[in-house]
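File shown here: run.txt, holding compact mmCIF, N, CA and C atoms.
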# COMPACT_ATOMS: atom_id res chain seq x y z
N MET A 159 203.28 61.11 150.44
CA MET A 159 202.42 62.25 150.57
C MET A 159 202.16 62.52 152.05
N LYS A 160 202.02 63.78 152.34
CA LYS A 160 201.75 64.16 153.72
C LYS A 160 200.28 63.91 154.04
N PRO A 161 199.96 63.61 155.28
CA PRO A 161 198.56 63.36 155.65
C PRO A 161 197.64 64.56 155.38
N ASN A 162 198.13 65.79 155.57
CA ASN A 162 197.29 66.97 155.31
C ASN A 162 196.87 67.06 153.85
N LEU A 163 197.78 66.73 152.97
CA LEU A 163 197.49 66.78 151.54
C LEU A 163 196.43 65.74 151.18
N LEU A 164 196.51 64.57 151.78
CA LEU A 164 195.53 63.52 151.51
C LEU A 164 194.13 63.94 151.94
N LYS A 165 194.03 64.74 152.99
CA LYS A 165 192.72 65.22 153.44
C LYS A 165 192.15 66.27 152.49
N ARG A 166 193.01 66.97 151.79
CA ARG A 166 192.56 68.03 150.88
C ARG A 166 192.13 67.50 149.51
N VAL A 167 192.62 66.35 149.12
CA VAL A 167 192.33 65.82 147.78
C VAL A 167 190.83 65.72 147.51
N PRO A 168 190.02 65.15 148.42
CA PRO A 168 188.58 65.09 148.12
C PRO A 168 187.93 66.47 147.97
N ARG A 169 188.33 67.44 148.79
CA ARG A 169 187.76 68.78 148.69
C ARG A 169 188.15 69.45 147.37
N ILE A 170 189.40 69.31 146.99
CA ILE A 170 189.87 69.90 145.74
C ILE A 170 189.17 69.22 144.56
N SER A 171 189.04 67.91 144.60
CA SER A 171 188.37 67.18 143.52
C SER A 171 186.92 67.60 143.41
N PHE A 172 186.25 67.76 144.54
CA PHE A 172 184.85 68.19 144.52
C PHE A 172 184.72 69.57 143.90
N ALA A 173 185.60 70.48 144.26
CA ALA A 173 185.54 71.85 143.72
C ALA A 173 185.76 71.85 142.20
N ILE A 174 186.68 71.05 141.73
CA ILE A 174 186.94 70.97 140.29
C ILE A 174 185.74 70.37 139.57
N LEU A 175 185.18 69.30 140.12
CA LEU A 175 184.02 68.66 139.52
C LEU A 175 182.82 69.62 139.49
N LEU A 176 182.62 70.38 140.54
CA LEU A 176 181.54 71.35 140.59
C LEU A 176 181.72 72.43 139.52
N ALA A 177 182.92 72.92 139.36
CA ALA A 177 183.20 73.95 138.35
C ALA A 177 182.93 73.42 136.94
N ILE A 178 183.34 72.20 136.67
CA ILE A 178 183.12 71.60 135.35
C ILE A 178 181.62 71.42 135.10
N THR A 179 180.90 70.98 136.10
CA THR A 179 179.45 70.78 135.96
C THR A 179 178.74 72.09 135.68
N LEU A 180 179.07 73.14 136.43
CA LEU A 180 178.44 74.44 136.22
C LEU A 180 178.76 75.00 134.83
N ALA A 181 179.99 74.82 134.40
CA ALA A 181 180.38 75.30 133.07
C ALA A 181 179.60 74.56 131.98
N SER A 182 179.39 73.27 132.15
CA SER A 182 178.66 72.51 131.13
C SER A 182 177.20 72.96 131.06
N PHE A 183 176.58 73.28 132.20
CA PHE A 183 175.20 73.78 132.17
C PHE A 183 175.14 75.14 131.49
N THR A 184 176.13 75.97 131.67
CA THR A 184 176.17 77.28 131.03
C THR A 184 176.21 77.12 129.52
N TYR A 185 177.06 76.25 129.00
CA TYR A 185 177.21 76.08 127.57
C TYR A 185 176.07 75.30 126.94
N MET A 186 175.33 74.52 127.73
CA MET A 186 174.19 73.79 127.20
C MET A 186 173.10 74.75 126.74
N ASN A 187 173.02 75.93 127.33
CA ASN A 187 171.98 76.89 126.99
C ASN A 187 172.27 77.64 125.69
N LEU A 188 173.45 77.49 125.14
CA LEU A 188 173.79 78.16 123.90
C LEU A 188 173.22 77.38 122.73
N GLU A 189 172.57 78.08 121.84
CA GLU A 189 171.86 77.45 120.74
C GLU A 189 172.37 78.02 119.43
N SER A 190 172.58 77.15 118.46
CA SER A 190 172.98 77.61 117.14
C SER A 190 171.76 78.21 116.44
N LYS A 191 171.97 79.30 115.72
CA LYS A 191 170.86 80.00 115.07
C LYS A 191 171.31 80.47 113.70
N THR A 192 170.45 80.28 112.71
CA THR A 192 170.67 80.81 111.36
C THR A 192 169.52 81.75 111.04
N VAL A 193 169.86 82.96 110.63
CA VAL A 193 168.85 83.97 110.30
C VAL A 193 169.18 84.55 108.93
N THR A 194 168.17 84.62 108.09
CA THR A 194 168.30 85.27 106.79
C THR A 194 167.50 86.56 106.85
N GLY A 195 168.16 87.65 106.46
CA GLY A 195 167.47 88.93 106.49
C GLY A 195 168.40 90.08 106.11
N GLU A 196 167.91 91.28 106.35
CA GLU A 196 168.65 92.50 106.00
C GLU A 196 169.63 92.88 107.09
N ILE A 197 170.87 93.17 106.69
CA ILE A 197 171.88 93.66 107.63
C ILE A 197 171.55 95.12 107.95
N LEU A 198 171.40 95.39 109.25
CA LEU A 198 170.98 96.70 109.71
C LEU A 198 172.10 97.50 110.35
N ASP A 199 172.02 98.79 110.15
CA ASP A 199 172.77 99.75 110.95
C ASP A 199 171.84 100.03 112.13
N MET A 200 172.19 99.53 113.32
CA MET A 200 171.28 99.60 114.46
C MET A 200 171.00 101.03 114.92
N LYS A 201 171.94 101.92 114.72
CA LYS A 201 171.73 103.32 115.14
C LYS A 201 170.54 103.92 114.37
N CYS A 202 170.58 103.84 113.06
CA CYS A 202 169.49 104.42 112.25
C CYS A 202 168.19 103.63 112.44
N PHE A 203 168.29 102.32 112.53
CA PHE A 203 167.09 101.51 112.67
C PHE A 203 166.39 101.80 113.99
N MET A 204 167.14 101.89 115.08
CA MET A 204 166.54 102.08 116.39
C MET A 204 166.07 103.52 116.62
N THR A 205 166.74 104.49 116.01
CA THR A 205 166.33 105.88 116.23
C THR A 205 165.20 106.32 115.31
N SER A 206 165.20 105.84 114.04
CA SER A 206 164.17 106.31 113.12
C SER A 206 163.55 105.23 112.25
N GLY A 207 163.90 103.97 112.50
CA GLY A 207 163.30 102.87 111.75
C GLY A 207 163.82 102.72 110.34
N ASP A 208 164.93 103.38 110.02
CA ASP A 208 165.45 103.34 108.64
C ASP A 208 166.03 101.97 108.30
N HIS A 209 165.60 101.47 107.14
CA HIS A 209 166.16 100.24 106.57
C HIS A 209 165.64 100.10 105.15
N GLY A 210 166.06 99.08 104.46
CA GLY A 210 165.61 98.84 103.09
C GLY A 210 166.53 99.47 102.06
N ASP A 211 166.14 99.32 100.78
CA ASP A 211 166.98 99.79 99.67
C ASP A 211 167.29 101.28 99.74
N SER A 212 166.32 102.08 100.17
CA SER A 212 166.54 103.53 100.22
C SER A 212 167.55 103.93 101.29
N HIS A 213 167.84 103.02 102.20
CA HIS A 213 168.77 103.32 103.29
C HIS A 213 170.10 102.59 103.13
N LYS A 214 170.27 101.85 102.05
CA LYS A 214 171.45 101.01 101.86
C LYS A 214 172.77 101.78 101.95
N ASP A 215 172.89 102.89 101.24
CA ASP A 215 174.15 103.66 101.23
C ASP A 215 174.47 104.19 102.63
N CYS A 216 173.46 104.70 103.32
CA CYS A 216 173.65 105.22 104.68
C CYS A 216 174.07 104.09 105.62
N ALA A 217 173.40 102.95 105.51
CA ALA A 217 173.72 101.81 106.38
C ALA A 217 175.17 101.38 106.19
N GLN A 218 175.60 101.30 104.95
CA GLN A 218 176.98 100.88 104.68
C GLN A 218 177.98 101.89 105.23
N MET A 219 177.67 103.18 105.09
CA MET A 219 178.56 104.22 105.61
C MET A 219 178.61 104.16 107.14
N CYS A 220 177.45 104.01 107.78
CA CYS A 220 177.41 103.97 109.25
C CYS A 220 178.11 102.72 109.80
N LEU A 221 177.89 101.58 109.15
CA LEU A 221 178.55 100.35 109.61
C LEU A 221 180.06 100.45 109.42
N LYS A 222 180.49 101.05 108.31
CA LYS A 222 181.92 101.24 108.08
C LYS A 222 182.52 102.14 109.17
N GLY A 223 181.71 103.08 109.67
CA GLY A 223 182.15 103.99 110.72
C GLY A 223 182.08 103.39 112.13
N GLY A 224 181.59 102.16 112.24
CA GLY A 224 181.60 101.49 113.54
C GLY A 224 180.26 101.41 114.25
N SER A 225 179.17 101.77 113.58
CA SER A 225 177.86 101.67 114.19
C SER A 225 177.54 100.21 114.52
N PRO A 226 176.79 99.96 115.59
CA PRO A 226 176.40 98.57 115.91
C PRO A 226 175.61 97.97 114.75
N MET A 227 175.73 96.65 114.60
CA MET A 227 175.12 95.97 113.47
C MET A 227 174.10 94.95 113.96
N GLY A 228 173.04 94.79 113.18
CA GLY A 228 172.03 93.80 113.48
C GLY A 228 171.52 93.17 112.20
N ILE A 229 170.58 92.26 112.37
CA ILE A 229 169.93 91.65 111.21
C ILE A 229 168.44 91.60 111.47
N LEU A 230 167.67 92.05 110.47
CA LEU A 230 166.21 92.00 110.51
C LEU A 230 165.80 90.75 109.77
N GLY A 231 165.43 89.72 110.53
CA GLY A 231 165.10 88.43 109.94
C GLY A 231 163.82 88.46 109.13
N GLU A 232 163.66 87.47 108.30
CA GLU A 232 162.45 87.34 107.50
C GLU A 232 161.21 87.18 108.37
N ASP A 233 161.43 86.80 109.65
CA ASP A 233 160.32 86.66 110.60
C ASP A 233 160.04 87.97 111.34
N SER A 234 160.66 89.07 110.90
CA SER A 234 160.52 90.43 111.46
C SER A 234 161.16 90.59 112.83
N LYS A 235 161.97 89.63 113.28
CA LYS A 235 162.71 89.78 114.53
C LYS A 235 164.07 90.39 114.22
N VAL A 236 164.55 91.23 115.15
CA VAL A 236 165.85 91.87 114.99
C VAL A 236 166.82 91.25 115.99
N TYR A 237 168.00 90.89 115.50
CA TYR A 237 169.05 90.33 116.33
C TYR A 237 170.28 91.23 116.24
N LEU A 238 170.85 91.55 117.37
CA LEU A 238 172.12 92.26 117.40
C LEU A 238 173.19 91.29 116.95
N LEU A 239 174.14 91.73 116.13
CA LEU A 239 175.23 90.86 115.69
C LEU A 239 176.49 91.20 116.47
N ILE A 240 177.13 90.16 116.98
CA ILE A 240 178.33 90.28 117.80
C ILE A 240 179.47 89.53 117.13
N GLN A 241 180.66 90.11 117.14
CA GLN A 241 181.83 89.46 116.57
C GLN A 241 182.22 88.25 117.40
N GLY A 242 182.45 87.13 116.74
CA GLY A 242 182.90 85.91 117.40
C GLY A 242 184.41 85.83 117.44
N LYS A 243 184.92 84.64 117.75
CA LYS A 243 186.37 84.44 117.81
C LYS A 243 187.04 84.72 116.48
N ASP A 244 186.39 84.30 115.40
CA ASP A 244 186.88 84.58 114.06
C ASP A 244 186.18 85.84 113.57
N ALA A 245 186.91 86.91 113.39
CA ALA A 245 186.33 88.20 113.01
C ALA A 245 185.89 88.26 111.55
N ALA A 246 186.42 87.38 110.71
CA ALA A 246 186.16 87.47 109.26
C ALA A 246 184.67 87.41 108.89
N PRO A 247 183.87 86.46 109.42
CA PRO A 247 182.45 86.45 109.03
C PRO A 247 181.70 87.70 109.48
N TYR A 248 182.02 88.21 110.65
CA TYR A 248 181.39 89.43 111.15
C TYR A 248 181.74 90.61 110.24
N GLU A 249 183.01 90.71 109.88
CA GLU A 249 183.44 91.81 109.01
C GLU A 249 182.85 91.67 107.61
N GLU A 250 182.63 90.44 107.16
CA GLU A 250 181.98 90.22 105.86
C GLU A 250 180.55 90.76 105.90
N ALA A 251 179.83 90.46 106.98
CA ALA A 251 178.46 90.97 107.12
C ALA A 251 178.46 92.50 107.16
N ARG A 252 179.45 93.09 107.83
CA ARG A 252 179.54 94.55 107.96
C ARG A 252 179.63 95.23 106.59
N LYS A 253 180.21 94.56 105.60
CA LYS A 253 180.36 95.13 104.26
C LYS A 253 179.04 95.17 103.50
N HIS A 254 178.00 94.50 104.02
CA HIS A 254 176.75 94.33 103.27
C HIS A 254 175.56 95.02 103.94
N GLY A 255 175.78 96.18 104.53
CA GLY A 255 174.68 96.92 105.14
C GLY A 255 173.56 97.18 104.14
N GLY A 256 172.32 96.94 104.56
CA GLY A 256 171.17 97.15 103.70
C GLY A 256 170.92 96.03 102.71
N GLU A 257 171.75 94.99 102.75
CA GLU A 257 171.60 93.86 101.83
C GLU A 257 171.13 92.62 102.58
N MET A 258 170.63 91.65 101.82
CA MET A 258 170.15 90.40 102.40
C MET A 258 171.33 89.43 102.58
N MET A 259 171.43 88.89 103.79
CA MET A 259 172.50 87.94 104.12
C MET A 259 171.90 86.79 104.94
N THR A 260 172.63 85.69 104.98
CA THR A 260 172.30 84.59 105.88
C THR A 260 173.43 84.52 106.90
N VAL A 261 173.08 84.69 108.16
CA VAL A 261 174.05 84.72 109.25
C VAL A 261 173.80 83.52 110.16
N THR A 262 174.87 82.81 110.51
CA THR A 262 174.79 81.68 111.42
C THR A 262 175.72 81.94 112.57
N GLY A 263 175.28 81.56 113.77
CA GLY A 263 176.12 81.72 114.94
C GLY A 263 175.43 81.21 116.18
N THR A 264 175.94 81.61 117.32
CA THR A 264 175.40 81.19 118.60
C THR A 264 174.43 82.25 119.10
N LEU A 265 173.23 81.82 119.43
CA LEU A 265 172.22 82.73 119.96
C LEU A 265 172.51 82.99 121.43
N SER A 266 172.49 84.26 121.80
CA SER A 266 172.70 84.66 123.19
C SER A 266 171.62 85.66 123.57
N GLU A 267 170.99 85.45 124.72
CA GLU A 267 169.95 86.37 125.17
C GLU A 267 170.28 86.83 126.58
N LYS A 268 170.36 88.14 126.75
CA LYS A 268 170.65 88.75 128.05
C LYS A 268 169.76 89.97 128.21
N GLY A 269 169.05 90.06 129.30
CA GLY A 269 168.24 91.24 129.60
C GLY A 269 167.22 91.58 128.53
N GLY A 270 166.71 90.57 127.84
CA GLY A 270 165.71 90.80 126.80
C GLY A 270 166.28 91.09 125.43
N VAL A 271 167.60 91.22 125.31
CA VAL A 271 168.22 91.47 124.01
C VAL A 271 168.69 90.14 123.43
N GLN A 272 168.30 89.88 122.18
CA GLN A 272 168.76 88.68 121.51
C GLN A 272 169.89 89.07 120.57
N ALA A 273 170.97 88.30 120.64
CA ALA A 273 172.13 88.57 119.80
C ALA A 273 172.62 87.26 119.20
N ILE A 274 173.28 87.38 118.08
CA ILE A 274 173.93 86.23 117.44
C ILE A 274 175.42 86.52 117.42
N ILE A 275 176.18 85.60 117.99
CA ILE A 275 177.64 85.68 117.93
C ILE A 275 178.01 85.04 116.60
N VAL A 276 178.43 85.85 115.65
CA VAL A 276 178.55 85.46 114.24
C VAL A 276 179.69 84.45 114.03
N ALA A 277 179.32 83.33 113.41
CA ALA A 277 180.31 82.33 113.02
C ALA A 277 180.42 82.21 111.50
N ASP A 278 179.36 82.61 110.78
CA ASP A 278 179.35 82.52 109.32
C ASP A 278 178.37 83.56 108.76
N ALA A 279 178.71 84.16 107.64
CA ALA A 279 177.83 85.14 107.00
C ALA A 279 178.01 85.02 105.48
N LYS A 280 176.88 84.82 104.79
CA LYS A 280 176.93 84.67 103.33
C LYS A 280 175.77 85.44 102.71
N PRO A 281 175.99 85.96 101.49
CA PRO A 281 174.87 86.63 100.81
C PRO A 281 173.72 85.65 100.61
N LYS A 282 172.50 86.16 100.70
CA LYS A 282 171.31 85.33 100.50
C LYS A 282 171.28 84.86 99.06
N LYS A 283 170.97 83.59 98.88
CA LYS A 283 170.90 83.03 97.52
C LYS A 283 169.49 83.08 97.01
Would you put the structure from the file into structure tokens?
Amino acid sequence: MKPNLLKRVPRISFAILLAITLASFTYMNLESKTVTGEILDMKCFMTSGDHGDSHKDCAQMCLKGGSPMGILGEDSKVYLLIQGKDAAPYEEARKHGGEMMTVTGTLSEKGGVQAIIVADAKPKK
């Protein structure tokens, strides 16, 4: 090995170690979350507060058309739902607008918005 390369090894190693450490702190803040509640069409919910049985058909139509989706938890908190790596659970939830579901995923909060990156979605039992 050349002497110049030997001088660079500690600096390169430090940079790699620093990157790994920062990445681990980033992922430590991610929390698994399970929420049971009504699947919302966020457009109608945020503009006019529409939800519930009387809004079920509209919610399903809007979600099918691509409207953003959320869940109104039993604790009255609303979470935006985001598609994860596996699209199937997210798409399953999309089929159940206005219905009660249990959604599990990774909780993410940015700028005051709470979202769940969907990993699993099942009808409420």
Problem - Exercise: Gln218 of chain A partners within 7 Å, only C-alpha atoms, chain neighbours under 5 positions left out, as an NGL selection string - result: :A and (253-256)
Exercise for the section: Go ahead and compute the interatomic distance for atom N of Ala277 of chain A and atom C of Ser206 of chain A, in Å to one decimal. Expected result: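 Between these atoms lies a distance of 27.0 Å.
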Problem - atom CA of Ile274 of chain A to atom C of Gly224 of chain A, straight-line distance in Å - result: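 One can read the atom C of Gly224 of chain A to atom CA of Ile274 of chain A distance as 16.8 Å.
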Problem - For Lys222 of chain A, the nearest of the candidates A:Gly242, A:Arg252, A:Glu196, A:Lys268, counting all atoms listed in the file - result: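 The closest residue to Lys222 of chain A is A:Arg252.
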Problem - Nearby residues (only C-alpha atoms) at most 6 Å from Thr194 of chain A, same-chain spacing under 3 positions excluded, as a PyMOL selection string - result: chain A and resi 231+259-260
Exercise for the section: Name all residues at most 12 Å from Phe203 of chain A (count only C-alpha atoms; drop same-chain ones fewer than 6 positions away) and give them as a PyMOL selection string. Expected result: chain A and resi 196-197+209-210+213-214+216-217+220-221+225-230+236-238+255-256
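For the pair atom CA of Tyr248 of chain A and atom C of Lys283 of chain A, the separation is 19.5 Å.
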Handout entry: Selection near Lys243 of chain A, 8 Å with only N, CA and C atoms, sequence-local residues under 4 positions removed, as an MDAnalysis selection string
Key = chainID A and resid 247 275:277
Save out the residues we just selected, N, CA and C atoms, as a short mmCIF file (atom, residue, chain, number, x, y, z; two decimals), in the frame of the given file.
data_model
loop_
_atom_site.label_atom_id
_atom_site.label_comp_id
_atom_site.auth_asym_id
_atom_site.auth_seq_id
_atom_site.Cartn_x
_atom_site.Cartn_y
_atom_site.Cartn_z
N PRO A 247 183.87 86.46 109.42
CA PRO A 247 182.45 86.45 109.03
C PRO A 247 181.70 87.70 109.48
N ILE A 275 176.18 85.60 117.99
CA ILE A 275 177.64 85.68 117.93
C ILE A 275 178.01 85.04 116.60
N VAL A 276 178.43 85.85 115.65
CA VAL A 276 178.55 85.46 114.24
C VAL A 276 179.69 84.45 114.03
N ALA A 277 179.32 83.33 113.41
CA ALA A 277 180.31 82.33 113.02
C ALA A 277 180.42 82.21 111.50
#
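Among A:Gly269, A:Lys201, A:Lys280, A:Met258, the residue with the shortest atom-to-atom distance to Gly223 of chain A, counting only C-alpha atoms, is A:Lys201.
Using all atoms listed in the file, the set of residues no farther than 6.5 Å from the position (172.7, 80.6, 110.7) comprises Ser190, Lys191, Thr192, Val193, Thr260, Val261, Thr262 and Gly263 of chain A.
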Exercise for the section: Counting only C-alpha atoms, figure out which residue out of A:Met219, A:Ala251, A:Val271, A:Cys202 gets nearest to Lys235 of chain A. Expected result: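 When distances to Lys235 of chain A are compared using only C-alpha atoms, the smallest one comes from A:Val271.
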Exercise for the section: Enumerate the residues of segment 172-270 of chain A with a DSSP assignment of helix (DSSP H, G or I), computed from the backbone, and present them as number ranges by chain. Expected result: A: 172-186, 200-206, 211-222, 245-252
